[in-house]
file structure-v3.cif (mmCIF, C-alpha atoms)
data_start
loop_
_atom_site.label_atom_id
_atom_site.label_comp_id
_atom_site.auth_asym_id
_atom_site.auth_seq_id
_atom_site.Cartn_x
_atom_site.Cartn_y
_atom_site.Cartn_z
CA MET A 1 -24.99 7.92 4.58
CA THR A 2 -23.60 11.29 5.66
CA ALA A 3 -23.09 14.10 3.18
CA VAL A 4 -19.34 14.20 3.79
CA LYS A 5 -18.86 16.76 1.03
CA ASP A 6 -19.68 19.44 3.61
CA TYR A 7 -16.39 18.77 5.42
CA GLN A 8 -13.93 19.55 2.64
CA ASP A 9 -13.68 23.29 3.38
CA VAL A 10 -10.98 22.73 6.00
CA TYR A 11 -8.65 21.39 3.28
CA LEU A 12 -9.52 24.12 0.79
CA THR A 13 -8.77 26.75 3.43
CA SER A 14 -5.51 25.06 4.35
CA PHE A 15 -4.41 25.03 0.71
CA ALA A 16 -5.24 28.72 0.33
CA ARG A 17 -3.02 29.50 3.32
CA ARG A 18 -0.11 27.54 1.87
CA GLU A 19 -0.45 28.46 -1.79
CA LYS A 20 2.18 31.20 -1.56
CA GLU A 21 4.61 28.60 -0.22
CA PHE A 22 3.67 26.16 -2.99
CA ALA A 23 4.06 28.84 -5.67
CA ALA A 24 7.72 29.26 -4.71
CA GLY A 25 8.43 25.78 -6.08
CA PRO A 26 8.57 24.60 -9.71
CA SER A 27 5.89 26.23 -11.86
CA TRP A 28 4.86 22.91 -13.43
CA LEU A 29 4.21 21.44 -9.99
CA HIS A 30 2.25 24.48 -8.84
CA GLU A 31 -0.04 24.02 -11.84
CA ILE A 32 -0.58 20.37 -10.90
CA ARG A 33 -1.28 21.26 -7.27
CA ARG A 34 -3.83 23.90 -8.27
CA ALA A 35 -5.54 21.53 -10.72
CA ALA A 36 -5.67 18.87 -8.00
CA ILE A 37 -7.23 21.09 -5.31
CA GLU A 38 -9.78 22.39 -7.82
CA ARG A 39 -10.66 18.81 -8.71
CA PHE A 40 -10.95 17.90 -5.02
CA ALA A 41 -13.34 20.82 -4.56
CA GLU A 42 -15.49 19.41 -7.38
CA LEU A 43 -15.36 15.77 -6.27
CA GLY A 44 -15.69 16.15 -2.53
CA PHE A 45 -15.15 13.09 -0.36
CA PRO A 46 -16.61 9.84 -1.74
CA THR A 47 -19.84 8.56 -0.22
CA THR A 48 -21.48 5.16 -0.01
CA HIS A 49 -23.62 6.19 -3.00
CA ASP A 50 -20.47 5.78 -5.11
CA GLU A 51 -20.26 2.22 -6.41
CA GLU A 52 -16.53 1.95 -5.66
CA TRP A 53 -17.09 3.09 -2.05
CA LYS A 54 -20.42 1.48 -1.17
CA HIS A 55 -18.86 -0.75 1.52
CA THR A 56 -16.53 1.90 2.97
CA ASN A 57 -17.91 4.98 4.70
CA VAL A 58 -15.25 7.69 5.09
CA ASP A 59 -17.41 10.00 7.21
CA ARG A 60 -15.03 9.60 10.17
CA ILE A 61 -12.11 10.77 8.03
CA ALA A 62 -13.99 13.61 6.40
CA SER A 63 -15.53 15.00 9.59
CA LEU A 64 -12.43 15.12 11.81
CA PRO A 65 -10.50 18.45 11.77
CA PHE A 66 -7.09 17.00 10.91
CA ARG A 67 -4.22 19.47 11.05
CA PRO A 68 -1.01 19.18 8.98
CA ALA A 69 1.43 16.89 10.79
CA GLN A 70 4.73 18.36 11.95
CA ALA A 71 7.98 16.41 11.96
CA GLY A 72 8.83 16.73 15.63
CA PRO A 73 12.15 15.63 17.21
CA ALA A 74 13.39 12.36 15.75
CA GLY A 75 15.41 11.51 18.86
CA ALA A 76 12.27 11.12 20.95
CA ILE A 77 11.11 8.07 18.99
CA ILE A 78 14.37 6.16 18.50
CA ASP A 79 13.86 3.84 21.49
CA ALA A 80 10.23 3.16 20.48
CA LEU A 81 11.32 2.04 17.02
CA LYS A 82 13.58 -0.79 18.13
CA GLY A 83 10.84 -3.37 18.59
CA LEU A 84 8.81 -2.47 15.51
CA PRO A 85 8.73 -4.55 12.29
CA LEU A 86 11.03 -3.38 9.46
CA CYS A 87 13.29 -1.51 11.90
CA GLY A 88 16.80 -2.92 12.05
CA LEU A 89 16.81 -4.66 8.68
CA ASP A 90 20.36 -4.67 7.36
CA CYS A 91 19.80 -2.57 4.25
CA SER A 92 19.58 1.02 3.06
CA ARG A 93 16.65 3.01 4.37
CA LEU A 94 14.83 6.30 3.97
CA VAL A 95 12.91 7.29 7.10
CA PHE A 96 10.08 9.80 7.39
CA LEU A 97 8.42 11.08 10.55
CA ASN A 98 4.87 12.39 10.09
CA GLY A 99 5.59 12.70 6.37
CA HIS A 100 8.89 14.61 6.78
CA TYR A 101 12.31 13.23 5.82
CA GLN A 102 14.61 12.34 8.72
CA ARG A 103 18.21 12.39 7.58
CA GLU A 104 19.62 11.31 10.94
CA LEU A 105 17.46 8.15 10.96
CA SER A 106 18.15 7.31 7.31
CA SER A 107 21.09 5.40 5.89
CA LEU A 108 22.08 5.35 2.22
CA THR A 109 25.79 4.62 2.51
CA ASP A 110 25.47 1.15 0.94
CA LEU A 111 23.76 2.36 -2.22
CA PRO A 112 25.78 2.70 -5.43
CA LYS A 113 26.49 6.34 -6.21
CA GLU A 114 24.56 6.07 -9.48
CA VAL A 115 21.28 5.64 -7.59
CA ARG A 116 19.33 8.80 -6.86
CA ALA A 117 17.59 8.26 -3.54
CA GLY A 118 16.36 10.75 -1.00
CA SER A 119 13.78 13.30 -0.03
CA LEU A 120 11.25 14.26 -2.68
CA ALA A 121 11.18 17.82 -1.29
CA GLU A 122 14.94 18.15 -1.81
CA ALA A 123 14.73 16.69 -5.31
CA LEU A 124 12.04 19.20 -6.23
CA THR A 125 14.21 22.03 -4.93
CA ASN A 126 17.23 20.84 -6.91
CA GLY A 127 15.21 20.18 -10.06
CA SER A 128 14.93 16.99 -12.10
CA LEU A 129 13.64 16.28 -15.59
CA ALA A 130 12.56 12.81 -14.45
CA LEU A 131 10.33 14.34 -11.78
CA GLU A 132 8.57 16.56 -14.29
CA GLN A 133 8.11 13.62 -16.67
CA HIS A 134 6.72 11.14 -14.13
CA LEU A 135 5.45 12.77 -10.92
CA ALA A 136 1.63 12.82 -10.69
CA ARG A 137 1.31 11.20 -14.14
CA TYR A 138 0.03 7.75 -13.08
CA ALA A 139 -2.08 8.19 -9.94
CA ASP A 140 -5.28 9.73 -11.28
CA TYR A 141 -6.36 12.78 -9.29
CA GLN A 142 -9.11 13.60 -11.78
CA HIS A 143 -11.34 10.78 -10.54
CA HIS A 144 -10.04 10.03 -7.04
CA ALA A 145 -10.63 12.54 -4.25
CA PHE A 146 -7.92 11.24 -1.93
CA VAL A 147 -5.31 11.22 -4.71
CA ALA A 148 -6.37 14.78 -5.55
CA LEU A 149 -5.92 15.75 -1.90
CA ASN A 150 -2.49 14.15 -1.73
CA THR A 151 -1.43 15.79 -4.99
CA ALA A 152 -2.63 19.22 -3.88
CA PHE A 153 -0.54 19.02 -0.69
CA LEU A 154 2.34 17.12 -2.32
CA ASN A 155 5.48 18.20 -0.53
CA ASP A 156 7.77 15.48 0.82
CA GLY A 157 8.25 11.77 0.38
CA VAL A 158 10.56 9.47 -1.58
CA PHE A 159 12.29 10.05 -4.88
CA LEU A 160 14.14 6.97 -6.07
CA GLU A 161 15.70 6.56 -9.51
CA ILE A 162 17.60 3.37 -10.40
CA PRO A 163 19.71 3.76 -13.57
CA LYS A 164 19.79 1.46 -16.58
CA GLY A 165 21.20 -2.01 -16.01
CA LEU A 166 21.96 -1.57 -12.30
CA ILE A 167 21.20 -4.54 -10.04
CA LEU A 168 20.75 -3.75 -6.34
CA GLU A 169 21.75 -6.74 -4.24
CA ARG A 170 19.98 -5.60 -1.06
CA PRO A 171 16.55 -4.03 -0.59
CA ILE A 172 15.80 -0.39 0.10
CA VAL A 173 13.41 0.31 3.00
CA LEU A 174 11.05 3.29 2.76
CA LEU A 175 9.79 3.76 6.31
CA PHE A 176 6.96 6.14 7.21
CA ILE A 177 6.47 6.61 10.95
CA SER A 178 3.52 8.37 12.53
CA ALA A 179 3.81 9.88 15.99
CA ALA A 180 0.72 11.92 16.84
CA SER A 181 1.03 15.01 19.04
CA GLY A 182 -2.21 15.01 21.04
CA GLN A 183 -4.48 16.22 18.26
CA PRO A 184 -5.68 14.65 14.98
CA THR A 185 -3.08 15.21 12.28
CA VAL A 186 -2.81 14.36 8.58
CA ALA A 187 0.20 13.58 6.40
CA HIS A 188 0.28 13.19 2.61
CA PRO A 189 3.47 11.20 1.85
CA ARG A 190 4.34 10.79 -1.82
CA THR A 191 6.65 8.21 -3.37
CA LEU A 192 8.01 8.10 -6.90
CA VAL A 193 10.13 5.13 -8.00
CA ILE A 194 11.69 4.97 -11.45
CA ALA A 195 13.45 1.72 -12.35
CA ASP A 196 15.18 2.26 -15.66
CA ARG A 197 15.68 -0.31 -18.37
CA GLU A 198 17.00 -3.73 -17.23
CA SER A 199 17.51 -2.63 -13.63
CA GLN A 200 16.64 -4.85 -10.66
CA ALA A 201 15.65 -3.91 -7.11
CA THR A 202 13.63 -4.85 -4.04
CA LEU A 203 11.67 -2.13 -2.23
CA ILE A 204 10.02 -2.40 1.17
CA GLU A 205 7.57 0.37 2.04
CA GLY A 206 6.35 0.43 5.63
CA TYR A 207 3.79 2.45 7.58
CA ILE A 208 4.04 2.08 11.34
CA ALA A 209 3.01 4.04 14.41
CA VAL A 210 4.46 5.15 17.71
CA GLY A 211 1.56 5.60 20.13
CA GLU A 212 -2.16 5.04 19.69
CA GLU A 213 -3.52 8.53 18.98
CA SER A 214 -5.78 9.35 16.04
CA TYR A 215 -4.16 10.47 12.79
CA PHE A 216 -4.68 10.14 9.04
CA SER A 217 -2.12 8.88 6.51
CA ASN A 218 -3.08 9.70 2.92
CA ALA A 219 -0.31 8.11 0.84
CA VAL A 220 0.33 7.84 -2.90
CA THR A 221 3.05 5.72 -4.53
CA GLU A 222 3.91 5.74 -8.24
CA VAL A 223 6.23 3.10 -9.69
CA VAL A 224 7.62 3.01 -13.23
CA ALA A 225 9.30 -0.20 -14.41
CA GLY A 226 11.26 0.33 -17.62
CA GLU A 227 11.82 -2.21 -20.37
CA GLY A 228 13.16 -5.45 -18.92
CA ALA A 229 13.24 -4.11 -15.36
CA VAL A 230 12.62 -6.50 -12.45
CA LEU A 231 11.07 -5.14 -9.25
CA GLU A 232 9.84 -6.69 -6.03
CA TYR A 233 7.73 -4.23 -4.03
CA ALA A 234 6.40 -5.06 -0.56
CA LYS A 235 4.17 -2.78 1.47
CA PHE A 236 3.66 -3.38 5.19
CA GLN A 237 0.97 -1.41 7.01
CA GLN A 238 0.70 -1.57 10.79
CA GLU A 239 -0.75 1.81 11.70
CA GLY A 240 -2.06 2.59 15.19
CA ARG A 241 -5.40 1.27 16.41
CA ALA A 242 -7.05 4.69 16.06
CA ALA A 243 -5.42 5.54 12.72
CA PHE A 244 -6.94 6.09 9.30
CA HIS A 245 -4.95 4.96 6.28
CA VAL A 246 -5.86 5.61 2.65
CA ALA A 247 -3.27 4.62 0.06
CA THR A 248 -3.02 4.50 -3.70
CA VAL A 249 -0.28 2.54 -5.48
CA ARG A 250 0.07 2.79 -9.24
CA VAL A 251 2.56 0.72 -11.25
CA ARG A 252 3.36 1.19 -14.95
CA GLN A 253 5.19 -1.65 -16.68
CA GLU A 254 7.00 -1.39 -20.00
CA ARG A 255 7.97 -4.17 -22.39
CA SER A 256 9.23 -7.43 -20.81
CA SER A 257 9.30 -5.95 -17.30
CA ASN A 258 8.49 -8.08 -14.26
CA VAL A 259 6.94 -6.59 -11.13
CA THR A 260 5.84 -8.50 -8.04
CA THR A 261 3.91 -6.63 -5.34
CA TYR A 262 2.99 -7.64 -1.80
CA SER A 263 0.51 -5.88 0.45
CA PHE A 264 0.29 -6.69 4.16
CA ALA A 265 -2.38 -4.82 6.14
CA LEU A 266 -2.60 -5.42 9.89
CA GLY A 267 -3.27 -2.07 11.58
CA GLY A 268 -5.55 0.95 11.47
CA THR A 269 -9.20 1.40 12.36
CA LEU A 270 -10.26 2.29 8.79
CA VAL A 271 -8.00 1.34 5.90
CA ARG A 272 -8.42 1.60 2.15
CA GLU A 273 -5.74 0.62 -0.36
CA GLU A 274 -6.02 0.81 -4.13
CA LEU A 275 -3.28 -1.01 -6.01
CA GLY A 276 -3.28 -0.84 -9.77
CA THR A 277 -0.86 -2.20 -12.37
CA LEU A 278 -0.84 -1.14 -16.02
CA LEU A 279 0.87 -3.65 -18.31
CA ALA A 280 1.72 -1.19 -21.06
CA GLY A 281 4.39 -3.14 -22.94
CA GLU A 282 4.31 -6.54 -24.61
CA GLY A 283 5.67 -9.44 -22.60
CA ALA A 284 5.24 -7.73 -19.25
CA GLU A 285 4.52 -9.93 -16.22
CA ALA A 286 2.89 -8.89 -12.96
CA ALA A 287 2.07 -10.67 -9.70
CA LEU A 288 -0.05 -9.21 -6.89
CA HIS A 289 -0.07 -10.81 -3.45
CA GLY A 290 -1.93 -9.55 -0.41
CA LEU A 291 -2.70 -10.47 3.18
CA TYR A 292 -5.09 -8.52 5.40
CA MET A 293 -6.00 -9.28 9.01
CA THR A 294 -8.79 -7.60 10.94
CA THR A 295 -10.05 -7.82 14.50
CA GLY A 296 -12.27 -5.83 16.85
CA ARG A 297 -14.13 -3.29 14.72
CA GLN A 298 -11.40 -2.78 12.14
CA HIS A 299 -12.33 -2.14 8.51
CA ILE A 300 -9.86 -2.89 5.71
CA ASP A 301 -10.76 -2.34 2.05
CA ASN A 302 -8.56 -3.61 -0.80
CA HIS A 303 -9.25 -2.54 -4.38
CA THR A 304 -6.91 -3.93 -7.05
CA THR A 305 -6.73 -3.41 -10.80
CA MET A 306 -4.70 -5.44 -13.28
CA ASP A 307 -4.93 -3.57 -16.59
CA HIS A 308 -3.73 -5.53 -19.62
CA ALA A 309 -3.29 -2.85 -22.28
CA THR A 310 -1.22 -4.82 -24.79
CA ALA A 311 -0.63 -8.36 -26.01
CA HIS A 312 1.35 -11.31 -24.60
CA CYS A 313 1.24 -10.26 -20.92
CA ASN A 314 0.79 -12.50 -17.90
CA SER A 315 -0.60 -11.69 -14.47
CA ARG A 316 -1.24 -13.59 -11.25
CA GLU A 317 -3.07 -12.38 -8.17
CA LEU A 318 -3.71 -13.94 -4.76
CA TYR A 319 -5.16 -12.01 -1.82
CA LYS A 320 -6.00 -13.63 1.51
CA GLY A 321 -7.98 -12.27 4.44
CA ILE A 322 -8.29 -13.34 8.09
CA LEU A 323 -11.20 -11.71 9.93
CA ASP A 324 -12.02 -11.85 13.62
CA GLY A 325 -14.25 -10.02 16.11
CA GLN A 326 -16.83 -7.66 14.58
CA SER A 327 -14.46 -6.52 11.86
CA THR A 328 -15.23 -6.03 8.18
CA ALA A 329 -13.16 -6.29 5.04
CA VAL A 330 -13.61 -5.62 1.34
CA PHE A 331 -11.87 -7.12 -1.64
CA ASN A 332 -12.65 -5.76 -5.10
CA GLY A 333 -10.30 -7.06 -7.78
CA ARG A 334 -10.58 -6.07 -11.44
CA VAL A 335 -8.75 -7.68 -14.32
CA ILE A 336 -9.15 -5.60 -17.48
CA VAL A 337 -8.17 -7.08 -20.83
CA ARG A 338 -8.30 -4.41 -23.51
CA LYS A 339 -9.07 -4.91 -27.19
CA ASP A 340 -5.44 -5.14 -28.30
CA ALA A 341 -4.36 -7.38 -25.41
CA GLN A 342 -4.55 -10.70 -27.26
CA LYS A 343 -2.78 -13.75 -25.77
CA THR A 344 -3.36 -12.48 -22.24
CA ASP A 345 -2.93 -15.04 -19.46
CA SER A 346 -4.39 -13.93 -16.14
CA LYS A 347 -5.44 -15.65 -12.93
CA GLN A 348 -7.01 -14.01 -9.89
CA GLY A 349 -8.05 -15.41 -6.52
CA ASN A 350 -9.31 -14.15 -3.17
CA LYS A 351 -9.58 -16.44 -0.13
CA ASN A 352 -11.02 -15.44 3.23
CA LEU A 353 -10.97 -17.12 6.63
CA LEU A 354 -13.60 -16.03 9.17
CA LEU A 355 -12.62 -16.63 12.79
CA SER A 356 -15.80 -15.07 14.17
CA GLU A 357 -19.48 -15.33 13.31
CA ASP A 358 -19.72 -11.53 13.55
CA ALA A 359 -16.98 -10.80 10.99
CA VAL A 360 -18.09 -9.72 7.51
CA ILE A 361 -16.28 -9.91 4.16
CA ASN A 362 -17.49 -8.36 0.91
CA THR A 363 -15.56 -9.89 -1.99
CA LYS A 364 -15.97 -9.17 -5.69
CA PRO A 365 -13.39 -10.52 -8.15
CA GLN A 366 -14.24 -9.46 -11.69
CA LEU A 367 -13.05 -9.84 -15.26
CA GLU A 368 -13.61 -7.23 -17.98
CA ILE A 369 -12.50 -8.80 -21.26
CA PHE A 370 -12.57 -7.01 -24.61
CA ALA A 371 -10.25 -9.39 -26.52
CA ASP A 372 -11.13 -12.85 -27.83
CA ASP A 373 -7.85 -14.81 -27.59
CA VAL A 374 -7.19 -14.88 -23.85
CA LYS A 375 -6.95 -17.27 -20.90
CA CYS A 376 -8.43 -15.73 -17.76
CA THR A 377 -9.82 -17.18 -14.54
CA HIS A 378 -10.97 -15.75 -11.23
CA GLY A 379 -12.62 -16.90 -8.02
CA ALA A 380 -13.28 -16.20 -4.35
CA THR A 381 -13.80 -18.35 -1.26
CA ILE A 382 -15.13 -17.63 2.22
CA GLY A 383 -14.92 -20.17 5.02
CA GLN A 384 -14.01 -21.01 8.58
CA VAL A 385 -11.25 -23.11 10.09
CA ASP A 386 -11.85 -26.70 9.01
CA PRO A 387 -13.29 -28.60 12.04
CA GLU A 388 -11.97 -31.90 10.66
CA ALA A 389 -8.45 -30.47 10.54
CA ILE A 390 -8.81 -29.28 14.14
CA PHE A 391 -10.08 -32.72 15.17
CA TYR A 392 -7.09 -34.35 13.43
CA LEU A 393 -4.60 -32.12 15.29
CA ARG A 394 -6.40 -32.59 18.62
CA SER A 395 -6.28 -36.34 18.15
CA ARG A 396 -2.50 -35.97 18.14
CA GLY A 397 -2.42 -34.17 21.47
CA ILE A 398 -2.55 -30.55 20.28
CA ALA A 399 -4.86 -28.22 22.23
CA ARG A 400 -7.82 -26.65 20.45
CA ASP A 401 -6.50 -23.04 20.53
CA GLN A 402 -3.09 -24.18 19.40
CA ALA A 403 -4.57 -26.20 16.54
CA ARG A 404 -6.69 -23.24 15.46
CA GLY A 405 -3.63 -20.97 15.56
CA LEU A 406 -1.52 -23.37 13.53
CA LEU A 407 -4.14 -23.73 10.80
CA THR A 408 -4.64 -19.97 10.62
CA PHE A 409 -0.89 -19.40 10.45
CA ALA A 410 -0.58 -21.92 7.61
CA PHE A 411 -3.39 -20.17 5.72
CA ALA A 412 -1.59 -16.81 5.88
CA ASN A 413 1.90 -18.19 5.44
CA GLU A 414 1.20 -19.14 1.82
CA VAL A 415 1.46 -15.45 0.92
CA ILE A 416 4.43 -14.64 3.16
CA GLU A 417 6.48 -17.58 1.86
CA ARG A 418 6.49 -16.07 -1.63
CA ILE A 419 8.74 -13.19 -0.53
CA LYS A 420 12.31 -13.76 -1.67
CA TYR A 421 14.07 -11.64 0.96
CA LYS A 422 14.39 -13.93 3.98
CA PRO A 423 14.83 -11.28 6.73
CA LEU A 424 11.55 -9.69 5.66
CA ARG A 425 9.83 -13.10 5.61
CA ASP A 426 11.03 -13.71 9.15
CA ARG A 427 9.81 -10.30 10.37
CA LEU A 428 6.39 -10.82 8.84
CA LYS A 429 6.07 -14.30 10.32
CA ALA A 430 6.93 -12.87 13.72
CA ALA A 431 4.29 -10.15 13.31
CA LEU A 432 1.78 -12.80 12.24
CA ARG A 433 2.55 -14.99 15.26
CA ALA A 434 2.20 -12.00 17.57
CA ARG A 435 -1.15 -11.18 16.02
CA LEU A 436 -2.47 -14.75 16.25
CA GLY A 437 -1.21 -15.35 19.80
CA ALA A 438 -0.16 -18.62 21.37
CA GLY A 439 0.28 -21.83 19.47
CA THR A 440 2.13 -20.50 16.43
CA GLY A 441 5.71 -20.54 17.63
CA LYS A 442 8.57 -21.74 15.46
CA GLU A 443 8.67 -25.08 17.25
CA ASP A 444 4.98 -25.67 16.59
CA ALA A 445 5.03 -24.40 13.03
#
call {"tool": "encode", "arguments": {"input": "structure-v3.cif", "output": "structure tokens"}}
result
Amino acid sequence: MTAVKDYQDVYLTSFARREKEFAAGPSWLHEIRRAAIERFAELGFPTTHDEEWKHTNVDRIASLPFRPAQAGPAGAIIDALKGLPLCGLDCSRLVFLNGHYQRELSSLTDLPKEVRAGSLAEALTNGSLALEQHLARYADYQHHAFVALNTAFLNDGVFLEIPKGLILERPIVLLFISAASGQPTVAHPRTLVIADRESQATLIEGYIAVGEESYFSNAVTEVVAGEGAVLEYAKFQQEGRAAFHVATVRVRQERSSNVTTYSFALGGTLVREELGTLLAGEGAEAALHGLYMTTGRQHIDNHTTMDHATAHCNSRELYKGILDGQSTAVFNGRVIVRKDAQKTDSKQGNKNLLLSEDAVINTKPQLEIFADDVKCTHGATIGQVDPEAIFYLRSRGIARDQARGLLTFAFANEVIERIKYKPLRDRLKAALRARLGAGTGKEDA
């Protein structure tokens, strides 16, 4: 283990240089930023001595001298975007380049005028009571160094507010593009989504790269689902091969709300995502679905938390992993049932498919139950492609590699098929086929 705490001075110095700029904004936000940087100074970067980080060493992130990412000219990347997943979906979109809002690449013309959607930086300049009430209230910077770092440098990102009773027929895409400039850069995108009472929406948040240079995305997303709100939130991560991606997603659900989340992680050299849902109101329902694929020497770490804080709530969770090469992955899923959360119904599962003898998975599903009238189950599996299934397919004239690809595709497709928005399903299936190679075409599938 490396004492990565020694490397935090570069961020403290950078904050000191920019504090005058930060102080020009809302006073309440400046107080939060200062509290966050002070907490980061106390915490330092996590090490493998920390129980929650024992399988993920962030020394490579902490020791690189990342500089703040600049927006750069949007026109230079337009051609490169055409072949990337999530680009070209026929729906409203907010586009960010290196963490900065790109108005010319965004399109909000199809959104009802009642919806507030746009740049977080602009919303902070214009002022909003909702921002002061919700921003930085759910992602905990007191105990999480990377959230503290994001909060300290909080500047731009997404602000989306869906009013009471409004039903959005088409999804909204939140697209974060990284285009490195020849030196290691860091961006701290922030997203705040407020879905008011009885509203309905589908959100697609994507992180993609143009080029293969080293950079660091440190993202935080906060989602508030009001009473009776229905949200489908899908996150797609396909960062560059030399990229570092640390993300925290926090969802708060009020009474009778229903939130379904999807997490798809394909890219990056070192990736850590923490997704937590707080069921704060009775009758709330949550579903977490995830798919992570690793190859080479990739490392992807998923930490999830399903926090049942009140009674009569249901939750379902299924995460699947496909590991190849000398890659490693982590799944740590917690289901917390608090004392007052009687009549909880929760089910959690993690399934992993190893395509290589050198791939390693560390999986730890766990239940923490403090109520006595609940129904909770959890489990994890680790295995390889079934040789009998391969033999069966080969006996019907299918080549070995093709049979292996088909079985792997079917394993992953269970998660993708749950997405309601068909164009997104199709894009993800195409990305999966491209990742798996030959033998998984539409005709074969």
call {"tool": "atom_distance", "arguments": {"input": "structure-v3.cif", "atom1": "CA of Val10 in chain A", "atom2": "CA of Ala180 in chain A"}}
result
19.3 Å
call {"tool": "residues_near_point", "arguments": {"input": "structure-v3.cif", "point": "(-0.4, -11.6, -20.5)", "cutoff": "6 Å", "atoms": "all atoms listed in the file", "output": "JSON list (two decimals) with C-alpha atoms, keeping the file's coordinate frame"}}
result
[["chain", "number", "residue", "atom", "x", "y", "z"],
["A", 312, "HIS", "CA", 1.35, -11.31, -24.60],
["A", 313, "CYS", "CA", 1.24, -10.26, -20.92],
["A", 314, "ASN", "CA", 0.79, -12.50, -17.90],
["A", 344, "THR", "CA", -3.36, -12.48, -22.24],
["A", 345, "ASP", "CA", -2.93, -15.04, -19.46]]
call {"tool": "closest_residue", "arguments": {"input": "structure-v3.cif", "among": "A:Val210, A:Val220, A:Gln366, A:Thr202", "to": "Asp156 in chain A", "atoms": "all atoms listed in the file"}}
result
A:Val220
call {"tool": "residues_around", "arguments": {"input": "structure-v3.cif", "residues": "Thr151 in chain A", "least_positions_apart": "6", "cutoff": "9 Å", "atoms": "all atoms listed in the file", "output": "PDB file with C-alpha atoms, in the coordinates of the input"}}
result
ATOM      1  CA  ILE A  32      -0.580  20.370 -10.900  1.00  0.00           C
ATOM      2  CA  ARG A  33      -1.280  21.260  -7.270  1.00  0.00           C
ATOM      3  CA  ALA A  36      -5.670  18.870  -8.000  1.00  0.00           C
ATOM      4  CA  ILE A  37      -7.230  21.090  -5.310  1.00  0.00           C
ATOM      5  CA  ALA A 136       1.630  12.820 -10.690  1.00  0.00           C
ATOM      6  CA  TYR A 141      -6.360  12.780  -9.290  1.00  0.00           C
ATOM      7  CA  HIS A 188       0.280  13.190   2.610  1.00  0.00           C
ATOM      8  CA  ARG A 190       4.340  10.790  -1.820  1.00  0.00           C
ATOM      9  CA  VAL A 220       0.330   7.840  -2.900  1.00  0.00           C
TER      10      VAL A 220
END
call {"tool": "atom_distance", "arguments": {"input": "structure-v3.cif", "atom1": "CA of Trp53 in chain A", "atom2": "CA of His303 in chain A"}}
result
9.9 Å
call {"tool": "resolve_selection", "arguments": {"input": "structure-v3.cif", "expression": "the PyMOL selection byres ((chain A and resi 67) around 9)", "output": "number ranges by chain"}}
result
A: 14, 65-66, 68-69, 183-187
call {"tool": "closest_residue", "arguments": {"input": "structure-v3.cif", "among": "A:Leu203, A:Ala71, A:Leu353, A:Leu279", "to": "Tyr319 in chain A", "atoms": "all atoms listed in the file"}}
result
A:Leu353
call {"tool": "resolve_selection", "arguments": {"input": "structure-v3.cif", "expression": "the PyMOL selection byres ((chain A and resi 52) around 12)", "output": "PyMOL selection string"}}
result
chain A and resi 46-51+53-57+143-144+272+274+301-304+330-334+364
call {"tool": "resolve_selection", "arguments": {"input": "structure-v3.cif", "expression": "the PyMOL selection byres ((chain A and resi 63) around 9)", "output": "count of residues only"}}
result
12
